[in-house]
>>> print(open('my_file-v5.cif').read())   # mmCIF, C-alpha atoms and all ligand atoms
data_model
loop_
_atom_site.group_PDB
_atom_site.id
_atom_site.type_symbol
_atom_site.label_atom_id
_atom_site.label_comp_id
_atom_site.auth_asym_id
_atom_site.auth_seq_id
_atom_site.Cartn_x
_atom_site.Cartn_y
_atom_site.Cartn_z
ATOM 1 C CA MET A 1 0.000 0.000 0.000
ATOM 2 C CA SER A 2 1.304 3.460 -0.807
ATOM 3 C CA ASP A 3 2.257 5.881 1.962
ATOM 4 C CA VAL A 4 -0.540 8.196 0.887
ATOM 5 C CA LEU A 5 -3.132 5.466 1.342
ATOM 6 C CA ILE A 6 -1.674 4.435 4.698
ATOM 7 C CA LEU A 7 -1.681 8.019 5.910
ATOM 8 C CA ASP A 8 -5.261 8.336 4.782
ATOM 9 C CA ARG A 9 -6.271 5.236 6.672
ATOM 10 C CA ILE A 10 -4.417 6.355 9.811
ATOM 11 C CA GLN A 11 -6.206 9.710 9.630
ATOM 12 C CA THR A 12 -9.559 7.933 9.424
ATOM 13 C CA SER A 13 -8.669 5.698 12.374
ATOM 14 C CA LEU A 14 -7.509 8.681 14.445
ATOM 15 C CA MET A 15 -10.808 10.438 13.725
ATOM 16 C CA ARG A 16 -12.771 7.347 14.746
ATOM 17 C CA LEU A 17 -10.714 7.067 17.929
ATOM 18 C CA ARG A 18 -11.269 10.788 18.549
ATOM 19 C CA LEU A 19 -7.597 11.676 18.509
ATOM 20 C CA PRO A 20 -7.807 14.825 16.368
ATOM 21 C CA ARG A 21 -4.600 16.464 17.523
ATOM 22 C CA MET A 22 -2.591 13.368 16.569
ATOM 23 C CA GLY A 23 -4.164 13.573 13.121
ATOM 24 C CA GLU A 24 -3.184 17.235 12.761
ATOM 25 C CA ILE A 25 0.459 16.745 13.638
ATOM 26 C CA LEU A 26 1.009 13.247 12.315
ATOM 27 C CA GLU A 27 2.814 14.273 9.154
ATOM 28 C CA SER A 28 5.010 16.946 10.680
ATOM 29 C CA VAL A 29 6.035 14.705 13.591
ATOM 30 C CA MET A 30 6.715 11.911 11.125
ATOM 31 C CA GLN A 31 8.893 14.142 8.956
ATOM 32 C CA ALA A 32 10.788 15.424 11.991
ATOM 33 C CA ALA A 33 11.335 11.833 13.165
ATOM 34 C CA GLN A 34 12.611 10.798 9.744
ATOM 35 C CA ALA A 35 14.932 13.804 9.500
ATOM 36 C CA GLY A 36 16.243 13.296 13.036
ATOM 37 C CA GLY A 37 16.585 9.554 12.708
ATOM 38 C CA LYS A 38 14.274 8.976 15.681
ATOM 39 C CA SER A 39 13.190 5.524 16.774
ATOM 40 C CA TYR A 40 9.623 4.233 16.347
ATOM 41 C CA LEU A 41 9.178 4.455 20.090
ATOM 42 C CA SER A 42 10.232 8.041 20.314
ATOM 43 C CA PHE A 43 8.045 8.969 17.312
ATOM 44 C CA LEU A 44 5.007 7.397 18.979
ATOM 45 C CA ASP A 45 5.921 9.053 22.253
ATOM 46 C CA ASP A 46 6.033 12.520 20.619
ATOM 47 C CA LEU A 47 2.691 11.958 18.966
ATOM 48 C CA LEU A 48 0.929 10.757 22.108
ATOM 49 C CA GLU A 49 2.433 13.413 24.322
ATOM 50 C CA GLU A 50 1.054 16.167 22.109
ATOM 51 C CA GLU A 51 -2.449 14.668 22.146
ATOM 52 C CA VAL A 52 -2.392 14.185 25.918
ATOM 53 C CA SER A 53 -1.186 17.708 26.642
ATOM 54 C CA ARG A 54 -3.739 19.238 24.232
ATOM 55 C CA ARG A 55 -6.493 17.266 25.910
ATOM 56 C CA GLU A 56 -5.324 18.255 29.370
ATOM 57 C CA GLN A 57 -5.202 21.905 28.326
ATOM 58 C CA SER A 58 -8.730 21.792 26.981
ATOM 59 C CA ARG A 59 -9.993 19.998 30.107
ATOM 60 C CA VAL A 60 -8.564 22.780 32.296
ATOM 61 C CA GLU A 61 -9.996 25.491 29.999
ATOM 62 C CA THR A 62 -13.464 23.938 30.035
ATOM 63 C CA SER A 63 -13.452 23.355 33.810
ATOM 64 C CA LEU A 64 -12.378 26.940 34.438
ATOM 65 C CA LYS A 65 -15.089 28.232 32.127
ATOM 66 C CA ILE A 66 -17.862 26.420 33.985
ATOM 67 C CA SER A 67 -16.374 26.832 37.474
ATOM 68 C CA GLY A 68 -17.952 30.222 38.108
ATOM 69 C CA LEU A 69 -14.631 31.846 39.024
ATOM 70 C CA PRO A 70 -15.089 35.651 38.902
ATOM 71 C CA PHE A 71 -11.552 36.091 37.507
ATOM 72 C CA ILE A 72 -8.537 33.921 36.961
ATOM 73 C CA LYS A 73 -5.437 34.885 38.893
ATOM 74 C CA SER A 74 -2.649 32.713 40.167
ATOM 75 C CA ILE A 75 -0.759 32.921 43.430
ATOM 76 C CA ASP A 76 2.240 34.222 41.460
ATOM 77 C CA GLU A 77 0.232 37.378 40.852
ATOM 78 C CA PHE A 78 -0.292 37.895 44.567
ATOM 79 C CA ASP A 79 2.037 40.492 46.046
ATOM 80 C CA PHE A 80 2.832 39.304 49.568
ATOM 81 C CA ALA A 81 4.932 42.432 50.160
ATOM 82 C CA PHE A 82 1.719 44.448 50.053
ATOM 83 C CA GLN A 83 0.272 42.362 52.918
ATOM 84 C CA PRO A 84 3.215 42.143 55.355
ATOM 85 C CA LYS A 85 1.142 40.807 58.242
ATOM 86 C CA LEU A 86 -0.095 37.875 56.191
ATOM 87 C CA ASP A 87 1.683 34.629 57.018
ATOM 88 C CA ARG A 88 3.167 33.820 53.636
ATOM 89 C CA GLN A 89 4.310 30.359 54.657
ATOM 90 C CA GLN A 90 0.895 29.441 55.992
ATOM 91 C CA VAL A 91 -0.707 30.549 52.724
ATOM 92 C CA MET A 92 1.896 28.915 50.469
ATOM 93 C CA SER A 93 1.604 25.611 52.356
ATOM 94 C CA LEU A 94 -2.024 25.390 51.193
ATOM 95 C CA PHE A 95 -0.844 25.160 47.614
ATOM 96 C CA ASP A 96 0.368 21.584 47.986
ATOM 97 C CA LEU A 97 -3.415 20.916 48.103
ATOM 98 C CA THR A 98 -3.124 18.307 50.846
ATOM 99 C CA PHE A 99 -6.076 19.977 52.599
ATOM 100 C CA ILE A 100 -8.267 18.843 49.691
ATOM 101 C CA GLY A 101 -7.049 15.259 50.000
ATOM 102 C CA GLN A 102 -7.836 15.453 53.723
ATOM 103 C CA LYS A 103 -11.278 17.004 53.037
ATOM 104 C CA GLY A 104 -10.256 20.027 55.080
ATOM 105 C CA ASN A 105 -11.519 23.578 54.814
ATOM 106 C CA VAL A 106 -9.940 26.995 54.484
ATOM 107 C CA VAL A 107 -11.415 30.229 55.794
ATOM 108 C CA PHE A 108 -10.131 33.606 54.631
ATOM 109 C CA LEU A 109 -11.192 36.452 56.894
ATOM 110 C CA GLY A 110 -10.526 40.156 56.531
ATOM 111 C CA PRO A 111 -11.858 43.530 55.418
ATOM 112 C CA PRO A 112 -12.667 44.289 51.759
ATOM 113 C CA GLY A 113 -9.860 44.347 49.212
ATOM 114 C CA VAL A 114 -7.209 42.443 51.172
ATOM 115 C CA GLY A 115 -7.122 39.588 48.667
ATOM 116 C CA LYS A 116 -9.476 36.968 50.116
ATOM 117 C CA THR A 117 -11.117 36.206 46.785
ATOM 118 C CA HIS A 118 -7.778 36.318 44.958
ATOM 119 C CA LEU A 119 -6.292 33.702 47.302
ATOM 120 C CA ALA A 120 -9.384 31.495 47.051
ATOM 121 C CA VAL A 121 -9.362 31.783 43.247
ATOM 122 C CA SER A 122 -5.680 30.931 43.000
ATOM 123 C CA LEU A 123 -6.202 27.812 45.140
ATOM 124 C CA ALA A 124 -9.098 26.796 42.892
ATOM 125 C CA LEU A 125 -6.934 27.345 39.827
ATOM 126 C CA LYS A 126 -4.191 25.131 41.245
ATOM 127 C CA ALA A 127 -6.714 22.434 42.174
ATOM 128 C CA CYS A 128 -8.246 22.542 38.702
ATOM 129 C CA GLN A 129 -4.831 22.210 37.077
ATOM 130 C CA ALA A 130 -4.218 19.214 39.330
ATOM 131 C CA GLY A 131 -7.333 17.552 37.931
ATOM 132 C CA MET A 132 -9.737 18.248 40.786
ATOM 133 C CA SER A 133 -13.296 19.465 40.306
ATOM 134 C CA ILE A 134 -13.924 23.021 41.469
ATOM 135 C CA TYR A 135 -16.923 25.264 41.896
ATOM 136 C CA PHE A 136 -17.068 28.929 42.858
ATOM 137 C CA THR A 137 -20.121 30.740 44.140
ATOM 138 C CA THR A 138 -20.961 33.724 46.270
ATOM 139 C CA MET A 139 -22.928 33.030 49.417
ATOM 140 C CA GLU A 140 -25.875 34.912 47.926
ATOM 141 C CA ALA A 141 -25.944 32.813 44.743
ATOM 142 C CA LEU A 142 -25.472 29.603 46.720
ATOM 143 C CA ILE A 143 -28.453 30.386 48.955
ATOM 144 C CA GLY A 144 -30.521 30.988 45.825
ATOM 145 C CA LYS A 145 -29.506 27.600 44.431
ATOM 146 C CA LEU A 146 -30.046 25.763 47.713
ATOM 147 C CA LYS A 147 -33.544 27.222 48.012
ATOM 148 C CA LYS A 148 -34.454 26.377 44.452
ATOM 149 C CA ASP A 149 -33.203 22.870 44.982
ATOM 150 C CA HIS A 150 -34.923 22.458 48.311
ATOM 151 C CA TYR A 151 -38.297 23.021 46.677
ATOM 152 C CA ALA A 152 -37.503 21.080 43.523
ATOM 153 C CA GLU A 153 -38.705 17.526 42.953
ATOM 154 C CA ARG A 154 -35.216 16.262 42.399
ATOM 155 C CA LYS A 155 -32.815 17.329 45.131
ATOM 156 C CA GLY A 156 -29.421 18.702 44.187
ATOM 157 C CA ARG A 157 -27.314 15.753 45.118
ATOM 158 C CA GLY A 158 -25.601 15.620 41.758
ATOM 159 C CA ARG A 159 -25.093 19.346 41.358
ATOM 160 C CA SER A 160 -21.612 20.861 41.032
ATOM 161 C CA TYR A 161 -21.953 22.824 44.230
ATOM 162 C CA ASN A 162 -22.463 19.590 46.121
ATOM 163 C CA LYS A 163 -20.185 17.185 44.366
ATOM 164 C CA SER A 164 -17.087 19.252 43.542
ATOM 165 C CA ALA A 165 -13.926 18.312 45.390
ATOM 166 C CA LEU A 166 -13.467 22.003 46.175
ATOM 167 C CA VAL A 167 -16.272 24.512 46.562
ATOM 168 C CA ILE A 168 -15.597 28.167 47.277
ATOM 169 C CA VAL A 169 -18.291 30.140 49.026
ATOM 170 C CA ASP A 170 -17.271 33.760 48.649
ATOM 171 C CA GLU A 171 -18.583 36.717 50.628
ATOM 172 C CA VAL A 172 -20.216 34.939 53.553
ATOM 173 C CA GLY A 173 -21.901 37.591 55.645
ATOM 174 C CA TYR A 174 -22.102 40.360 53.039
ATOM 175 C CA THR A 175 -25.856 40.032 52.690
ATOM 176 C CA PRO A 176 -28.137 39.157 55.591
ATOM 177 C CA ILE A 177 -29.954 35.812 55.442
ATOM 178 C CA ASP A 178 -33.142 34.649 57.142
ATOM 179 C CA ARG A 179 -33.536 31.601 59.362
ATOM 180 C CA GLU A 180 -34.598 29.226 56.631
ATOM 181 C CA GLU A 181 -31.663 30.259 54.435
ATOM 182 C CA CYS A 182 -29.400 29.879 57.398
ATOM 183 C CA ASN A 183 -30.600 26.296 57.943
ATOM 184 C CA LEU A 184 -30.061 25.443 54.288
ATOM 185 C CA PHE A 185 -26.536 26.815 54.419
ATOM 186 C CA PHE A 186 -25.812 24.921 57.605
ATOM 187 C CA ARG A 187 -27.042 21.699 56.024
ATOM 188 C CA PHE A 188 -24.842 22.369 52.989
ATOM 189 C CA ILE A 189 -21.738 22.669 55.188
ATOM 190 C CA ALA A 190 -22.770 19.654 57.284
ATOM 191 C CA ASN A 191 -23.163 17.561 54.113
ATOM 192 C CA ARG A 192 -19.670 18.415 52.941
ATOM 193 C CA TYR A 193 -18.106 17.853 56.361
ATOM 194 C CA GLU A 194 -15.286 15.289 56.051
ATOM 195 C CA LYS A 195 -16.452 14.467 52.520
ATOM 196 C CA ALA A 196 -15.088 17.360 50.487
ATOM 197 C CA SER A 197 -13.326 20.674 50.926
ATOM 198 C CA THR A 198 -14.873 24.095 51.172
ATOM 199 C CA ILE A 199 -13.187 27.486 51.124
ATOM 200 C CA ILE A 200 -15.074 30.327 52.740
ATOM 201 C CA THR A 201 -14.287 34.012 52.594
ATOM 202 C CA SER A 202 -15.863 36.550 54.901
ATOM 203 C CA ASN A 203 -15.448 40.140 55.962
ATOM 204 C CA LYS A 204 -16.988 39.270 59.331
ATOM 205 C CA ALA A 205 -15.101 37.932 62.338
ATOM 206 C CA PHE A 206 -16.387 34.653 63.810
ATOM 207 C CA SER A 207 -17.630 36.665 66.794
ATOM 208 C CA ASP A 208 -20.097 38.396 64.454
ATOM 209 C CA TRP A 209 -21.444 35.148 63.010
ATOM 210 C CA THR A 210 -24.017 34.633 65.765
ATOM 211 C CA GLU A 211 -25.833 37.697 64.546
ATOM 212 C CA LEU A 212 -25.425 36.569 60.965
ATOM 213 C CA PHE A 213 -26.905 33.121 61.562
ATOM 214 C CA HIS A 214 -29.551 34.194 64.128
ATOM 215 C CA ASP A 215 -29.240 31.182 66.385
ATOM 216 C CA PRO A 216 -26.156 30.668 68.613
ATOM 217 C CA VAL A 217 -26.803 26.902 68.652
ATOM 218 C CA ILE A 218 -26.623 26.771 64.847
ATOM 219 C CA VAL A 219 -23.510 28.939 64.786
ATOM 220 C CA THR A 220 -21.757 26.681 67.270
ATOM 221 C CA ALA A 221 -22.679 23.530 65.335
ATOM 222 C CA PHE A 222 -21.747 25.246 62.082
ATOM 223 C CA LEU A 223 -18.335 26.478 63.243
ATOM 224 C CA ASP A 224 -17.688 23.111 64.882
ATOM 225 C CA ARG A 225 -17.919 21.329 61.536
ATOM 226 C CA LEU A 226 -16.385 24.062 59.444
ATOM 227 C CA LEU A 227 -13.357 24.490 61.688
ATOM 228 C CA HIS A 228 -12.723 20.883 62.748
ATOM 229 C CA HIS A 229 -10.236 20.273 59.922
ATOM 230 C CA SER A 230 -9.414 23.733 58.757
ATOM 231 C CA VAL A 231 -6.927 26.489 58.209
ATOM 232 C CA VAL A 232 -8.060 29.986 59.108
ATOM 233 C CA VAL A 233 -6.204 32.810 57.412
ATOM 234 C CA ASN A 234 -6.903 36.130 59.026
ATOM 235 C CA ILE A 235 -5.785 38.962 56.786
ATOM 236 C CA LYS A 236 -5.178 42.152 58.669
ATOM 237 C CA GLY A 237 -4.115 44.835 56.279
ATOM 238 C CA ASN A 238 -5.010 47.459 53.747
ATOM 239 C CA SER A 239 -7.197 47.173 50.697
ATOM 240 C CA TYR A 240 -5.251 46.479 47.518
ATOM 241 C CA ARG A 241 -7.978 48.304 45.634
ATOM 242 C CA LEU A 242 -7.131 51.507 47.483
ATOM 243 C CA ARG A 243 -3.352 51.203 47.162
ATOM 244 C CA GLY A 244 -1.605 54.408 46.295
ATOM 245 C CA LYS A 245 -4.694 56.430 47.052
ATOM 246 C CA VAL A 246 -3.809 57.286 50.605
ATOM 247 C CA GLY A 247 -2.769 60.868 50.996
ATOM 248 C CA LYS A 248 -3.254 61.668 47.308
ATOM 249 C CA GLU A 249 -7.040 61.612 47.249
ATOM 250 C CA GLY A 250 -7.606 61.799 50.947
ATOM 251 C CA VAL A 251 -8.869 58.213 51.149
ATOM 252 C CA GLU A 252 -7.950 56.732 54.479
ATOM 253 C CA MET A 253 -7.234 53.035 54.447
ATOM 254 C CA SER A 254 -8.663 51.144 57.367
ATOM 255 C CA PRO A 255 -6.108 50.451 60.084
ATOM 256 C CA SER A 256 -5.501 46.803 60.876
HETATM 257 P P1 LIG A 301 -11.330 40.734 48.815
HETATM 258 O O1 LIG A 301 -11.960 39.487 48.295
HETATM 259 O O2 LIG A 301 -10.567 40.537 50.073
HETATM 260 O O3 LIG A 301 -12.301 41.874 48.934
HETATM 261 P P2 LIG A 301 -9.917 40.630 46.301
HETATM 262 O O4 LIG A 301 -9.227 39.333 46.397
HETATM 263 O O5 LIG A 301 -11.118 40.693 45.436
HETATM 264 O O6 LIG A 301 -10.252 41.203 47.761
HETATM 265 O O7 LIG A 301 -8.859 41.717 45.832
HETATM 266 C C1 LIG A 301 -9.249 42.919 45.166
HETATM 267 C C2 LIG A 301 -8.394 43.104 43.939
HETATM 268 O O8 LIG A 301 -7.066 43.365 44.325
HETATM 269 C C3 LIG A 301 -8.343 41.882 43.051
HETATM 270 O O9 LIG A 301 -8.207 42.299 41.720
HETATM 271 C C4 LIG A 301 -7.070 41.163 43.516
HETATM 272 O O10 LIG A 301 -6.488 40.398 42.482
HETATM 273 C C5 LIG A 301 -6.186 42.329 43.891
HETATM 274 N N1 LIG A 301 -5.304 42.038 45.026
HETATM 275 C C6 LIG A 301 -5.645 41.997 46.316
HETATM 276 N N2 LIG A 301 -4.575 41.794 47.107
HETATM 277 C C7 LIG A 301 -3.527 41.664 46.280
HETATM 278 C C8 LIG A 301 -2.121 41.445 46.467
HETATM 279 N N3 LIG A 301 -1.580 41.324 47.689
HETATM 280 N N4 LIG A 301 -1.334 41.346 45.351
HETATM 281 C C9 LIG A 301 -1.862 41.501 44.124
HETATM 282 N N5 LIG A 301 -3.169 41.737 43.866
HETATM 283 C C10 LIG A 301 -4.005 41.827 44.927
HETATM 284 MG MG MG A 302 -13.899 39.217 47.633
#
>>> encode(input="my_file-v5.cif", output="C-alpha cells", more="lines below")
Ligand code: ADP
Ligand code: MG
Amino acid sequence: MSDVLILDRIQTSLMRLRLPRMGEILESVMQAAQAGGKSYLSFLDDLLEEEVSRREQSRVETSLKISGLPFIKSIDEFDFAFQPKLDRQQVMSLFDLTFIGQKGNVVFLGPPGVGKTHLAVSLALKACQAGMSIYFTTMEALIGKLKKDHYAERKGRGRSYNKSALVIVDEVGYTPIDREECNLFFRFIANRYEKASTIITSNKAFSDWTELFHDPVIVTAFLDRLLHHSVVVNIKGNSYRLRGKVGKEGVEMSPS
C-alpha cells in the first residue's frame, strides 16, 4: 500500500478514535522523526504526548469556564509584600493541596480588598490544574440555588456545588440571610463535612457570626464542623484596591 493510502487510513482511524490532535500533527512529527533519525518508540511518544497535553489543556480550559470563578489569577500574581502581616508560609503551604485530599476547609477572613477572593481563586486554579473538580459561588448565589433545589422535585445531590472536590463560598456575611436560608446553608456545610473541601471568605469575624446566623446553637454547630479540619487565614491589612490612594485623594485606608 502506498504511503498516501496508509496516511489516509491512519487519519480515518484517528478520527474514529477521537484523537484529532494526533491527526493534525502526524505528518510533521513523522517528517521530523525521519529527519532526526528517531526511533519508532520516540516517534510514537512525541505523537501521544502532544495529544495528551492538548487534551489536558482543553480539560482545564473547560473546567475553568464552567467553574464560576469571577476572575482567573494565580498565586504568582499575589504580592505578599503588600500584605506584610499575612503569614506567607501558611498561605503557600495550602498550595500543595493536601487539605483537599484530607477534606479540610480553608477560611479567609478580613476587610474588603485584602485579597481573600484572589487567594481562594488561585487555590481553585491550582486544584483545577491538578485535575480536581472546582466550583465557585458567592454566598448569595449559593443560597438561591439551595432554596431552588430544596423546593424542587429532584434534590441537588448531583449538582456541582455539592459534588465538587473544592467549593468556594465567597462573601459569607455580606448580605443578611433569614432563618430558613441559614438552615439550608448549615445543612450544605454539614453535608460536605469530612467528605469534600470548602473554602469560605468573609469580611466578618467569627464573633459576628451569631448575629449573621440568628441562632447561637446553629452557629456553634456550624463552626464546629467548618473548623474541625481547617486552616483559618486572618488577613489584617489594607485594601489592595485603594493602594496608592492614601494621601493623594484623601482616602484613608482602614487600620488593621
Ligand atoms: P477581597 O476578596 O478581600 O475583597 P480581592 O481578592 O477581590 O479582595 O482583591 C481585590 C483586587 O485586588 C483583586 O483584583 C485582587 O487580584 C487584587 N489584590 C488583592 N490583594 C492583592 C495582592 N496582595 N497582590 C496583588 N493583587 C491583589
Ligand atoms: Mg472578595
>>> residues_near_ligand(input="my_file-v5.cif", ligand="ligand LIG 301 (chain A)", cutoff="7 Å", atoms="all atoms listed in the file", output="MDAnalysis selection string")
chainID A and resid 73 77:80 82:83 110:119 239:241
>>> residues_around(input="my_file-v5.cif", residues="Asn234 (chain A)", least_positions_apart="2", cutoff="7 Å", atoms="only C-alpha atoms", output="ChimeraX atom specification")
/A:108-110,232,236
>>> resolve_selection(input="my_file-v5.cif", expression="the PyMOL selection byres (((chain A and resi 61-65) around 12) and not hetatm)", output="number ranges by chain")
A: 54-60, 66-73, 121-122, 124-136, 160, 164
>>> closest_residue(input="my_file-v5.cif", among="A:Met15, A:Leu41, A:Ile6, A:Val172", to="ligand MG 302 (chain A)", atoms="only C-alpha atoms and all ligand atoms")
A:Val172
>>> residues_around(input="my_file-v5.cif", residues="Ala221 (chain A)", least_positions_apart="2", cutoff="12 Å", atoms="all atoms listed in the file", output="PyMOL selection string")
chain A and resi 183+186-187+189-190+193+209-210+213+215-219+223-228
>>> closest_residue(input="my_file-v5.cif", among="A:Val106, A:Met139, A:Leu19, A:Leu94", to="ligand MG 302 (chain A)", atoms="only C-alpha atoms and all ligand atoms")
A:Met139
>>> closest_residue(input="my_file-v5.cif", among="A:Val167, A:Val233, A:Leu5, A:Ala120", to="ligand MG 302 (chain A)", atoms="only C-alpha atoms and all ligand atoms")
A:Ala120
>>> residues_around(input="my_file-v5.cif", residues="region 194-198 of chain A", least_positions_apart="6", cutoff="7 Å", atoms="all atoms listed in the file", output="ChimeraX atom specification")
/A:100,103-106,165-168
>>> atom_distance(input="my_file-v5.cif", atom1="CA of Ser93 (chain A)", atom2="CA of Tyr161 (chain A)")
25.1 Å
>>> atom_distance(input="my_file-v5.cif", atom1="CA of Ala141 (chain A)", atom2="CA of Gln102 (chain A)")
26.6 Å
>>> closest_residue(input="my_file-v5.cif", among="A:Gln89, A:Ser74, A:Asn203, A:Ser230", to="ligand MG 302 (chain A)", atoms="only C-alpha atoms and all ligand atoms")
A:Asn203
>>> build_atoms(input="my_file-v5.cif", residues="region 109-123 of chain A", atoms="N, CA and C atoms", output="compact mmCIF listing (two decimals), keeping the file's coordinate frame")
# COMPACT_ATOMS: atom_id res chain seq x y z
N LEU A 109 -10.46 35.37 56.25
CA LEU A 109 -11.19 36.45 56.89
C LEU A 109 -10.44 37.77 56.71
N GLY A 110 -11.19 38.85 56.62
CA GLY A 110 -10.53 40.16 56.53
C GLY A 110 -11.42 41.18 55.88
N PRO A 111 -11.05 42.45 56.00
CA PRO A 111 -11.86 43.53 55.42
C PRO A 111 -11.80 43.51 53.89
N PRO A 112 -12.64 44.29 53.22
CA PRO A 112 -12.67 44.29 51.76
C PRO A 112 -11.32 44.65 51.13
N GLY A 113 -11.01 43.98 50.03
CA GLY A 113 -9.86 44.35 49.21
C GLY A 113 -8.52 43.77 49.64
N VAL A 114 -8.50 42.95 50.69
CA VAL A 114 -7.21 42.44 51.17
C VAL A 114 -6.74 41.20 50.42
N GLY A 115 -7.57 40.70 49.50
CA GLY A 115 -7.12 39.59 48.67
C GLY A 115 -7.74 38.24 49.00
N LYS A 116 -8.84 38.23 49.74
CA LYS A 116 -9.48 36.97 50.12
C LYS A 116 -9.93 36.18 48.87
N THR A 117 -10.63 36.88 47.99
CA THR A 117 -11.12 36.21 46.78
C THR A 117 -9.95 35.78 45.89
N HIS A 118 -8.96 36.64 45.77
CA HIS A 118 -7.78 36.32 44.96
C HIS A 118 -7.13 35.02 45.44
N LEU A 119 -6.93 34.90 46.75
CA LEU A 119 -6.29 33.70 47.30
C LEU A 119 -7.16 32.46 47.08
N ALA A 120 -8.47 32.63 47.27
CA ALA A 120 -9.38 31.50 47.05
C ALA A 120 -9.36 31.07 45.58
N VAL A 121 -9.38 32.07 44.69
CA VAL A 121 -9.36 31.78 43.25
C VAL A 121 -8.06 31.07 42.86
N SER A 122 -6.95 31.54 43.41
CA SER A 122 -5.68 30.93 43.00
C SER A 122 -5.56 29.49 43.52
N LEU A 123 -6.18 29.21 44.67
CA LEU A 123 -6.20 27.81 45.14
C LEU A 123 -7.07 26.96 44.22
